[in-house]
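Shown here: work29.cif, mmCIF, C-alpha atoms.
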```cif
data_entry
#
loop_
_atom_site.label_atom_id
_atom_site.label_comp_id
_atom_site.auth_asym_id
_atom_site.auth_seq_id
_atom_site.Cartn_x
_atom_site.Cartn_y
_atom_site.Cartn_z
CA ARG A 1 -1.00 48.87 -31.03
CA SER A 2 -2.28 46.73 -33.91
CA ARG A 3 1.15 45.05 -34.11
CA VAL A 4 0.99 44.20 -30.37
CA SER A 5 -2.50 42.77 -30.80
CA HIS A 6 -1.27 40.70 -33.73
CA TYR A 7 1.59 39.23 -31.72
CA ARG A 8 -0.73 38.54 -28.78
CA ARG A 9 -3.21 36.69 -31.00
CA ARG A 10 -0.39 34.67 -32.52
CA GLU A 11 0.95 33.85 -29.05
CA ILE A 12 -2.46 32.58 -27.98
CA VAL A 13 -2.75 30.45 -31.12
CA ASN A 14 0.71 29.00 -30.49
CA LEU A 15 -0.18 28.18 -26.90
CA VAL A 16 -3.33 26.37 -28.01
CA GLU A 17 -1.38 24.39 -30.59
CA ILE A 18 1.39 23.51 -28.13
CA ASP A 19 -1.18 22.53 -25.50
CA ARG A 20 -2.91 20.25 -28.01
CA ALA A 21 0.41 18.72 -29.06
CA LEU A 22 1.53 18.10 -25.49
CA ARG A 23 -1.71 16.36 -24.63
CA LYS A 24 -1.51 14.28 -27.81
CA VAL A 25 1.85 12.87 -26.69
CA ARG A 26 0.48 12.42 -23.17
CA LEU A 27 2.36 15.26 -21.49
CA SER A 28 -0.67 16.76 -19.75
CA GLY A 29 1.42 17.68 -16.71
CA MET A 30 3.31 20.13 -18.90
CA ALA A 31 0.18 21.28 -20.71
CA ASP A 32 -1.66 22.14 -17.50
CA VAL A 33 1.03 24.58 -16.32
CA LEU A 34 2.47 25.77 -19.64
CA GLU A 35 0.99 29.27 -19.63
CA ILE A 36 1.82 29.84 -15.97
CA ARG A 37 5.38 28.63 -16.52
CA ILE A 38 5.78 30.94 -19.54
CA GLN A 39 4.60 33.93 -17.50
CA GLY A 40 6.92 32.98 -14.65
CA ALA A 41 9.88 32.50 -16.98
CA SER A 42 9.26 35.92 -18.52
CA ALA A 43 8.93 37.64 -15.14
CA GLU A 44 12.03 35.96 -13.69
CA ARG A 45 13.97 36.03 -16.97
CA LEU A 46 14.70 32.31 -16.80
CA SER A 47 17.05 30.74 -19.29
CA HIS A 48 15.62 28.30 -21.80
CA ILE A 49 17.15 25.34 -19.98
CA ASP A 50 15.70 26.43 -16.60
CA PHE A 51 12.27 26.92 -18.19
CA LEU A 52 12.40 23.47 -19.77
CA SER A 53 13.64 21.92 -16.53
CA SER A 54 10.67 23.33 -14.61
CA LEU A 55 8.24 21.93 -17.19
CA VAL A 56 9.85 18.47 -17.07
CA GLY A 57 9.67 18.58 -13.26
CA ASP A 58 5.95 19.38 -13.44
CA GLU A 59 5.36 16.40 -15.73
CA LEU A 60 7.30 14.01 -13.50
CA LEU A 61 5.42 15.19 -10.41
CA ARG A 62 2.07 14.71 -12.12
CA ARG A 63 3.02 11.18 -13.19
CA GLN A 64 4.19 10.28 -9.69
CA ASP A 65 0.92 11.54 -8.22
CA ARG A 66 -1.11 9.54 -10.74
CA LEU A 67 0.91 6.38 -10.12
CA LEU A 68 0.46 6.75 -6.36
CA ALA A 69 -3.30 7.28 -6.71
CA ARG A 70 -3.59 4.31 -9.08
CA ARG A 71 -1.67 1.98 -6.77
CA ILE A 72 -3.71 3.05 -3.75
CA LYS A 73 -6.90 2.30 -5.68
CA GLN A 74 -5.54 -1.06 -6.87
CA ALA A 75 -4.57 -2.00 -3.31
CA GLY A 76 -8.24 -2.02 -2.31
CA PHE A 77 -7.87 -0.78 1.26
CA ARG A 78 -11.03 -1.16 3.30
CA ASP A 79 -10.58 2.17 5.09
CA ASN A 80 -9.26 5.28 3.38
CA GLY A 81 -6.83 7.54 5.19
CA LYS A 82 -5.37 5.03 7.64
CA THR A 83 -1.82 6.32 8.15
CA LEU A 84 0.91 5.88 10.70
CA ASP A 85 0.53 9.55 11.65
CA SER A 86 -3.11 8.95 12.61
CA PHE A 87 -2.21 5.95 14.78
CA ASP A 88 -1.76 6.91 18.43
CA LEU A 89 1.42 5.19 19.54
CA ASP A 90 1.11 6.95 22.92
CA PHE A 91 -1.76 4.61 23.75
CA ASN A 92 0.74 2.02 24.92
CA LYS A 93 4.15 3.17 26.09
CA LYS A 94 5.49 -0.38 25.71
CA THR A 95 5.17 -0.24 21.93
CA ASN A 96 8.60 -0.29 20.31
CA ARG A 97 8.30 2.75 18.06
CA GLN A 98 11.66 2.17 16.46
CA LEU A 99 10.53 -1.20 15.14
CA VAL A 100 7.15 0.11 14.00
CA TYR A 101 8.81 2.89 12.05
CA GLU A 102 11.30 0.39 10.65
CA LEU A 103 8.38 -1.53 9.16
CA ALA A 104 7.09 1.74 7.72
CA THR A 105 10.28 2.05 5.65
CA ALA A 106 9.10 -1.09 3.78
CA ARG A 107 12.57 -2.66 3.95
CA PHE A 108 10.87 -5.86 5.04
CA VAL A 109 9.20 -5.88 1.61
CA GLU A 110 12.57 -5.53 -0.11
CA ARG A 111 13.89 -8.41 2.03
CA ARG A 112 10.75 -10.49 1.35
CA GLU A 113 10.01 -10.90 5.06
CA ASP A 114 6.57 -11.44 6.54
CA VAL A 115 4.65 -9.71 9.32
CA LEU A 116 2.04 -11.12 11.70
CA PHE A 117 -0.19 -8.99 13.96
CA LEU A 118 -2.07 -10.86 16.72
CA GLY A 119 -4.55 -9.53 19.25
CA PRO A 120 -8.22 -9.13 20.16
CA PRO A 121 -10.60 -6.96 18.11
CA GLY A 122 -10.22 -3.21 18.59
CA THR A 123 -6.49 -3.23 19.24
CA GLY A 124 -5.49 -1.34 16.09
CA LYS A 125 -4.27 -4.23 13.94
CA SER A 126 -6.22 -3.30 10.83
CA HIS A 127 -5.34 0.39 11.11
CA LEU A 128 -1.64 -0.37 11.42
CA ALA A 129 -1.73 -2.99 8.65
CA GLN A 130 -3.34 -0.56 6.20
CA ALA A 131 -0.99 2.24 7.28
CA LEU A 132 2.01 0.03 6.55
CA GLY A 133 0.48 -0.96 3.23
CA LEU A 134 0.16 2.71 2.31
CA SER A 135 3.75 3.35 3.39
CA ALA A 136 4.90 0.50 1.15
CA ILE A 137 3.07 2.06 -1.80
CA GLN A 138 4.74 5.39 -1.08
CA GLN A 139 8.09 3.58 -1.18
CA GLY A 140 7.28 2.35 -4.69
CA HIS A 141 5.85 -1.14 -4.00
CA ARG A 142 2.63 -2.65 -5.30
CA VAL A 143 0.22 -3.76 -2.57
CA ARG A 144 -2.98 -5.78 -2.36
CA TYR A 145 -5.24 -5.58 0.69
CA ARG A 146 -7.92 -8.17 1.37
CA GLU A 147 -9.92 -9.17 4.40
CA ALA A 148 -9.32 -12.89 4.90
CA HIS A 149 -12.88 -14.00 4.18
CA VAL A 150 -13.05 -11.80 1.06
CA LEU A 151 -9.77 -13.23 -0.22
CA LEU A 152 -10.98 -16.79 0.20
CA GLU A 153 -14.33 -15.98 -1.40
CA GLU A 154 -12.50 -14.46 -4.38
CA LEU A 155 -10.46 -17.64 -4.81
CA ALA A 156 -13.58 -19.81 -4.53
CA ASP A 157 -15.42 -17.70 -7.12
CA ALA A 158 -12.38 -17.69 -9.41
CA THR A 159 -12.23 -21.48 -9.21
CA LEU A 160 -15.88 -21.79 -10.25
CA GLU A 161 -15.38 -19.29 -13.07
CA ARG A 162 -12.13 -20.94 -14.19
CA ARG A 163 -10.11 -17.82 -13.41
CA ARG A 164 -8.21 -19.23 -10.45
CA LYS A 165 -4.85 -19.31 -12.22
CA GLU A 166 -4.83 -15.60 -13.07
CA VAL A 167 -6.26 -14.52 -9.69
CA MET A 168 -3.76 -16.68 -7.80
CA LEU A 169 -0.92 -15.34 -9.95
CA ASP A 170 -1.79 -11.75 -9.04
CA LEU A 171 -2.07 -12.57 -5.33
CA ALA A 172 1.08 -14.68 -5.34
CA THR A 173 3.33 -12.15 -7.06
CA VAL A 174 2.32 -8.76 -5.64
CA PRO A 175 5.27 -7.52 -3.49
CA LEU A 176 3.10 -7.00 -0.39
CA LEU A 177 -0.15 -8.85 0.31
CA VAL A 178 -2.10 -7.73 3.38
CA ILE A 179 -4.52 -10.39 4.67
CA ASP A 180 -6.63 -8.77 7.38
CA ASP A 181 -8.88 -10.12 10.15
CA LEU A 182 -8.29 -13.86 9.88
CA GLY A 183 -10.80 -15.39 12.29
CA MET A 184 -13.37 -12.57 12.29
CA ARG A 185 -15.75 -14.30 9.87
CA LYS A 186 -16.67 -17.88 9.09
CA LEU A 187 -14.33 -19.36 6.49
CA PRO A 188 -15.02 -21.87 3.70
CA THR A 189 -13.93 -25.49 4.06
CA THR A 190 -11.12 -24.89 1.55
CA ALA A 191 -9.61 -22.07 3.63
CA ALA A 192 -6.59 -24.00 4.95
CA GLU A 193 -5.77 -25.44 1.53
CA ASP A 194 -6.12 -22.09 -0.25
CA LEU A 195 -4.08 -20.16 2.31
CA LEU A 196 -1.35 -22.79 2.32
CA GLU A 197 -1.07 -22.66 -1.47
CA LEU A 198 -0.88 -18.88 -1.41
CA ILE A 199 1.70 -18.71 1.39
CA MET A 200 3.81 -21.42 -0.24
CA ARG A 201 3.82 -19.53 -3.54
CA ARG A 202 4.84 -16.31 -1.79
CA TYR A 203 7.41 -17.87 0.56
CA GLU A 204 10.76 -16.05 0.17
CA ARG A 205 9.46 -14.46 -3.04
CA ALA A 206 7.19 -11.72 -1.66
CA SER A 207 6.02 -10.32 1.68
CA THR A 208 2.77 -11.15 3.44
CA LEU A 209 1.28 -9.13 6.29
CA LEU A 210 -1.43 -11.06 8.13
CA THR A 211 -3.58 -9.98 11.06
CA SER A 212 -5.71 -12.20 13.28
CA ASN A 213 -7.77 -11.92 16.44
CA ARG A 214 -7.13 -15.59 17.18
CA PRO A 215 -3.96 -16.92 18.85
CA VAL A 216 -1.81 -19.14 16.66
CA PRO A 217 -2.60 -22.36 18.62
CA ASP A 218 -6.27 -21.90 17.62
CA TRP A 219 -5.59 -21.76 13.89
CA GLY A 220 -5.80 -25.52 13.40
CA LYS A 221 -9.34 -25.54 14.72
CA LEU A 222 -10.19 -22.27 12.96
CA LEU A 223 -9.10 -23.53 9.54
CA GLY A 224 -10.05 -27.17 10.10
CA ASP A 225 -6.75 -28.69 8.97
CA THR A 226 -3.96 -28.91 11.54
CA ALA A 227 -1.40 -30.34 9.10
CA ALA A 228 -1.97 -27.58 6.54
CA VAL A 229 -1.85 -24.90 9.23
CA SER A 230 1.44 -26.32 10.56
CA ALA A 231 2.98 -26.15 7.08
CA LEU A 232 1.57 -22.64 6.57
CA LEU A 233 3.04 -21.38 9.85
CA ASP A 234 6.44 -22.96 9.16
CA ARG A 235 6.75 -20.73 6.11
CA LEU A 236 4.98 -17.66 7.41
CA LEU A 237 7.05 -17.46 10.60
CA HIS A 238 10.41 -18.40 9.11
CA HIS A 239 11.35 -14.79 8.29
CA ALA A 240 8.61 -13.03 10.25
CA HIS A 241 8.11 -10.08 12.53
CA VAL A 242 5.34 -10.86 15.03
CA LEU A 243 3.54 -8.08 16.89
CA GLN A 244 1.30 -8.94 19.82
CA CYS A 245 -1.34 -6.20 19.99
CA GLY A 246 -3.26 -5.69 23.22
CA PRO A 247 -4.69 -3.01 25.51
CA ARG A 248 -2.92 -1.78 28.60
CA ALA A 249 -4.07 -2.89 32.00
CA GLY A 250 -7.38 -1.21 32.73
CA GLU A 251 -8.08 -0.37 29.07
CA PRO A 252 -10.83 -2.42 27.38
CA SER A 253 -9.70 -1.74 23.80
CA MET A 254 -7.50 0.36 21.60
CA ARG A 255 -10.19 1.98 19.50
CA ARG A 256 -9.28 5.36 20.96
CA ALA A 257 -5.76 4.85 19.64
CA CYS A 258 -7.20 5.14 16.14
CA ARG A 259 -9.57 7.99 16.80
CA ARG A 260 -7.66 10.27 14.40
CA THR A 261 -9.20 8.71 11.43
CA PRO A 262 14.26 -9.03 12.10
CA ARG A 263 16.30 -11.22 11.77
CA ARG A 264 16.40 -13.89 9.07
CA GLY A 265 15.85 -17.42 10.22
CA SER A 266 13.85 -16.61 13.34
CA PRO A 267 10.79 -14.49 14.16
CA SER A 268 11.21 -11.24 16.05
CA ILE A 269 8.53 -10.85 18.72
CA TRP A 270 7.21 -7.34 19.26
CA THR A 271 4.96 -6.90 22.25
CA SER A 272 2.80 -3.88 22.86
CA HIS A 273 1.81 -4.84 26.37
CA PRO A 274 3.72 -6.02 29.44
#
```

Let me see the structure of the file written as structure tokens.
Amino acid sequence: RSRVSHYRRREIVNLVEIDRALRKVRLSGMADVLEIRIQGASAERLSHIDFLSSLVGDELLRRQDRLLARRIKQAGFRDNGKTLDSFDLDFNKKTNRQLVYELATARFVERREDVLFLGPPGTGKSHLAQALGLSAIQQGHRVRYREAHVLLEELADATLERRRKEVMLDLATVPLLVIDDLGMRKLPTTAAEDLLELIMRRYERASTLLTSNRPVPDWGKLLGDTAAVSALLDRLLHHAHVLQCGPRAGEPSMRRACRRTPRRGSPSIWTSHP
């Protein structure tokens, strides 16, 4: 009995030492499940290689989960939990589900294509934009989400603080930039110039997803610079998927749709209403 107790004490000491060593070399995924894995290996009589394989798998899974959580936090989504599963595509039978799910694969990000959602407030643009951003993260891409007025305010502040170069570099190089709700809030006088610079830097280098409640012909007046807007749209729409969002006949908005909290060289037009 005393010999068994001795071995047990030594086993506990070894576990503590191994746990400390694993955490020191930043293998906390292994450390967290080490004792459970040892017990399982003993009960199932696993070989050494199978035991080690299970530990390595635990570490990889933990790192993937941490990377996903970190990228979601860095994206800066306005609303947490906006997914494609929680978006009610049955709201409008005209919606081309195949194309929506194609966007969710994030292949448009790999091809450096752009996406434009247009439609009145309450038609699900922001929900879908954030859901696609989340899908892109899950496919391994970095994403930044900004409401249009917040993005332009950040650039204005960065200019005053002499940080514009580094802020613009981050916005210009992230694989997917989601610019939401263009036209919902009053914009600064430099809006057209700033957006044009950003879109030009991203053109054919990274993907931009932009949503707006204003029709494209109104953008010149909205941004106060028709020439800059024309140049912006030339680049944004060159390799773009355009989705017109709108309620069905007799439906005032698409808020209930969210109640559960292309071809290169020419735009593909997706319509969600007749």

Using atom CA of A:Gln138 and atom CA of A:Arg37 as the two end points, give the distance in Å to one decimal.
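Going from atom CA of A:Gln138 over to atom CA of A:Arg37, I get 27.9 Å.
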
At a cut-off of 10 Å, using only C-alpha atoms, what residues contact stretch 227-236 of chain A? Leave out same-chain residues fewer than 5 positions from it and give the result as a PDB file with C-alpha atoms, in the frame of the given file.
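Contents of part-v3.pdb, as written:
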```
ATOM      1  CA  GLU A 113      10.010 -10.900   5.060  1.00  0.00           C
ATOM      2  CA  ASP A 114       6.570 -11.440   6.540  1.00  0.00           C
ATOM      3  CA  VAL A 115       4.650  -9.710   9.320  1.00  0.00           C
ATOM      4  CA  LEU A 116       2.040 -11.120  11.700  1.00  0.00           C
ATOM      5  CA  ALA A 191      -9.610 -22.070   3.630  1.00  0.00           C
ATOM      6  CA  ALA A 192      -6.590 -24.000   4.950  1.00  0.00           C
ATOM      7  CA  GLU A 193      -5.770 -25.440   1.530  1.00  0.00           C
ATOM      8  CA  ASP A 194      -6.120 -22.090  -0.250  1.00  0.00           C
ATOM      9  CA  LEU A 195      -4.080 -20.160   2.310  1.00  0.00           C
ATOM     10  CA  LEU A 196      -1.350 -22.790   2.320  1.00  0.00           C
ATOM     11  CA  GLU A 197      -1.070 -22.660  -1.470  1.00  0.00           C
ATOM     12  CA  LEU A 198      -0.880 -18.880  -1.410  1.00  0.00           C
ATOM     13  CA  ILE A 199       1.700 -18.710   1.390  1.00  0.00           C
ATOM     14  CA  MET A 200       3.810 -21.420  -0.240  1.00  0.00           C
ATOM     15  CA  ARG A 202       4.840 -16.310  -1.790  1.00  0.00           C
ATOM     16  CA  TYR A 203       7.410 -17.870   0.560  1.00  0.00           C
ATOM     17  CA  GLU A 204      10.760 -16.050   0.170  1.00  0.00           C
ATOM     18  CA  SER A 207       6.020 -10.320   1.680  1.00  0.00           C
ATOM     19  CA  THR A 208       2.770 -11.150   3.440  1.00  0.00           C
ATOM     20  CA  LEU A 209       1.280  -9.130   6.290  1.00  0.00           C
ATOM     21  CA  LEU A 210      -1.430 -11.060   8.130  1.00  0.00           C
ATOM     22  CA  VAL A 216      -1.810 -19.140  16.660  1.00  0.00           C
ATOM     23  CA  PRO A 217      -2.600 -22.360  18.620  1.00  0.00           C
ATOM     24  CA  ASP A 218      -6.270 -21.900  17.620  1.00  0.00           C
ATOM     25  CA  TRP A 219      -5.590 -21.760  13.890  1.00  0.00           C
ATOM     26  CA  GLY A 220      -5.800 -25.520  13.400  1.00  0.00           C
ATOM     27  CA  LYS A 221      -9.340 -25.540  14.720  1.00  0.00           C
ATOM     28  CA  LEU A 222     -10.190 -22.270  12.960  1.00  0.00           C
ATOM     29  CA  HIS A 241       8.110 -10.080  12.530  1.00  0.00           C
ATOM     30  CA  PRO A 267      10.790 -14.490  14.160  1.00  0.00           C
TER      31      PRO A 267
END
```

Identify the residues within 12 Å of coordinate (-8.2, -13.4, -0.5) (same frame as the file), considering all atoms listed in the file, and give the answer as an NGL selection string.
:A and (76 or 144-158 or 164 or 167-168 or 170-172 or 177-182 or 187-188 or 191 or 194-199 or 208 or 210)

Could you check which of A:Leu132, A:Ala21, A:Ile38, A:Leu103 is closest to A:Gly81, using all atoms listed in the file?
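Among A:Leu132, A:Ala21, A:Ile38, A:Leu103, it is A:Leu132 that comes nearest to A:Gly81.
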
Could you expand the PyMOL selection byres ((chain A and resi 109) around 8) into the explicit residues it covers here, written as a PyMOL selection string?
chain A and resi 106-108+110-114+136+175-176+206-207

As JSON, please report the centre and edge lengths, rounded to one decimal in Å, of the axis-aligned box that holds all listed atoms of stretch 15-25 of chain A with 6 Å of padding on each of the six sides.
```
{"center_x": -0.7, "center_y": 20.5, "center_z": -27.6, "size_x": 17.2, "size_y": 27.3, "size_z": 18.0}
```

Would you translate the PyMOL selection byres ((chain A and resi 29) around 12) into the concrete set of residues it matches in this file, as a list in words?
Asp19, Leu22, Arg23, Lys24, Val25, Arg26, Leu27, Ser28, Met30, Ala31, Asp32, Val33, Leu34, Glu35, Arg37, Ser54, Leu55, Val56, Gly57, Asp58, Glu59, Leu60, Leu61, Arg62, Arg63, Gln64, Asp65 and Arg66 of chain A

Selection file, C-alpha atoms, as a PDB file, in the coordinates of the input:
```pdb
ATOM      1  CA  ASP A  19      -1.180  22.530 -25.500  1.00  0.00           C
ATOM      2  CA  LEU A  22       1.530  18.100 -25.490  1.00  0.00           C
ATOM      3  CA  ARG A  23      -1.710  16.360 -24.630  1.00  0.00           C
ATOM      4  CA  LYS A  24      -1.510  14.280 -27.810  1.00  0.00           C
ATOM      5  CA  VAL A  25       1.850  12.870 -26.690  1.00  0.00           C
ATOM      6  CA  ARG A  26       0.480  12.420 -23.170  1.00  0.00           C
ATOM      7  CA  LEU A  27       2.360  15.260 -21.490  1.00  0.00           C
ATOM      8  CA  SER A  28      -0.670  16.760 -19.750  1.00  0.00           C
ATOM      9  CA  MET A  30       3.310  20.130 -18.900  1.00  0.00           C
ATOM     10  CA  ALA A  31       0.180  21.280 -20.710  1.00  0.00           C
ATOM     11  CA  ASP A  32      -1.660  22.140 -17.500  1.00  0.00           C
ATOM     12  CA  VAL A  33       1.030  24.580 -16.320  1.00  0.00           C
ATOM     13  CA  LEU A  34       2.470  25.770 -19.640  1.00  0.00           C
ATOM     14  CA  GLU A  35       0.990  29.270 -19.630  1.00  0.00           C
ATOM     15  CA  ARG A  37       5.380  28.630 -16.520  1.00  0.00           C
ATOM     16  CA  SER A  54      10.670  23.330 -14.610  1.00  0.00           C
ATOM     17  CA  LEU A  55       8.240  21.930 -17.190  1.00  0.00           C
ATOM     18  CA  VAL A  56       9.850  18.470 -17.070  1.00  0.00           C
ATOM     19  CA  GLY A  57       9.670  18.580 -13.260  1.00  0.00           C
ATOM     20  CA  ASP A  58       5.950  19.380 -13.440  1.00  0.00           C
ATOM     21  CA  GLU A  59       5.360  16.400 -15.730  1.00  0.00           C
ATOM     22  CA  LEU A  60       7.300  14.010 -13.500  1.00  0.00           C
ATOM     23  CA  LEU A  61       5.420  15.190 -10.410  1.00  0.00           C
ATOM     24  CA  ARG A  62       2.070  14.710 -12.120  1.00  0.00           C
ATOM     25  CA  ARG A  63       3.020  11.180 -13.190  1.00  0.00           C
ATOM     26  CA  GLN A  64       4.190  10.280  -9.690  1.00  0.00           C
ATOM     27  CA  ASP A  65       0.920  11.540  -8.220  1.00  0.00           C
ATOM     28  CA  ARG A  66      -1.110   9.540 -10.740  1.00  0.00           C
TER      29      ARG A  66
END
```

Interatomic distance, atom CA of A:Ser126 to atom CA of A:Asp225 (Å, one decimal):
25.5 Å

What is the atom CA of A:Ala129 to atom CA of A:Arg205 distance in Å?
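Interatomic distance here is 19.8 Å.
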
Taking all atoms listed in the file into account, which of A:Leu52, A:Leu118, A:Leu15, A:Val242 comes nearest A:Asn213?
A:Leu118

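Nearest to A:Gly224 of all the residues A:Thr190, A:Val143, A:Leu99, A:Gly183 is A:Thr190, counting all atoms listed in the file.
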
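Taking only C-alpha atoms into account, A:Ala69 lies nearest to A:Leu134 out of the set A:Leu237, A:Leu134, A:Ala41, A:Leu128.
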
Would you save stretch 123-136 of chain A to a file, keeping N, CA, C and O atoms, as a compact mmCIF listing (two decimals), in the first residue's frame?
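Contents of result13.txt, freshly written:
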```txt
# COMPACT_ATOMS: atom_id res chain seq x y z
N THR A 123 -33.82 46.39 -44.49
CA THR A 123 -33.95 45.31 -45.47
C THR A 123 -32.90 44.21 -45.28
O THR A 123 -32.74 43.35 -46.14
N GLY A 124 -32.17 44.24 -44.18
CA GLY A 124 -31.26 43.14 -43.86
C GLY A 124 -29.85 43.28 -44.39
O GLY A 124 -29.06 42.34 -44.31
N LYS A 125 -29.50 44.44 -44.91
CA LYS A 125 -28.16 44.62 -45.50
C LYS A 125 -27.05 44.43 -44.47
O LYS A 125 -26.08 43.73 -44.73
N SER A 126 -27.20 45.09 -43.33
CA SER A 126 -26.15 45.03 -42.31
C SER A 126 -26.01 43.62 -41.74
O SER A 126 -24.90 43.13 -41.49
N HIS A 127 -27.14 42.97 -41.50
CA HIS A 127 -27.11 41.59 -41.00
C HIS A 127 -26.34 40.70 -41.96
O HIS A 127 -25.41 39.97 -41.56
N LEU A 128 -26.71 40.76 -43.23
CA LEU A 128 -26.07 39.90 -44.22
C LEU A 128 -24.59 40.25 -44.39
O LEU A 128 -23.75 39.36 -44.53
N ALA A 129 -24.27 41.54 -44.36
CA ALA A 129 -22.87 41.97 -44.51
C ALA A 129 -22.02 41.42 -43.36
O ALA A 129 -20.90 40.92 -43.58
N GLN A 130 -22.52 41.51 -42.14
CA GLN A 130 -21.76 41.00 -40.99
C GLN A 130 -21.69 39.48 -41.00
O GLN A 130 -20.67 38.89 -40.62
N ALA A 131 -22.77 38.84 -41.46
CA ALA A 131 -22.76 37.38 -41.56
C ALA A 131 -21.72 36.90 -42.57
O ALA A 131 -21.00 35.93 -42.32
N LEU A 132 -21.61 37.60 -43.68
CA LEU A 132 -20.60 37.23 -44.68
C LEU A 132 -19.20 37.53 -44.18
O LEU A 132 -18.25 36.81 -44.49
N GLY A 133 -19.06 38.60 -43.39
CA GLY A 133 -17.77 38.89 -42.79
C GLY A 133 -17.35 37.78 -41.84
O GLY A 133 -16.19 37.35 -41.85
N LEU A 134 -18.29 37.30 -41.04
CA LEU A 134 -18.00 36.20 -40.13
C LEU A 134 -17.63 34.93 -40.90
O LEU A 134 -16.70 34.21 -40.52
N SER A 135 -18.36 34.66 -41.98
CA SER A 135 -18.05 33.49 -42.81
C SER A 135 -16.64 33.59 -43.37
O SER A 135 -15.92 32.59 -43.43
N ALA A 136 -16.25 34.78 -43.79
CA ALA A 136 -14.90 34.97 -44.33
C ALA A 136 -13.84 34.68 -43.27
O ALA A 136 -12.81 34.07 -43.56
```
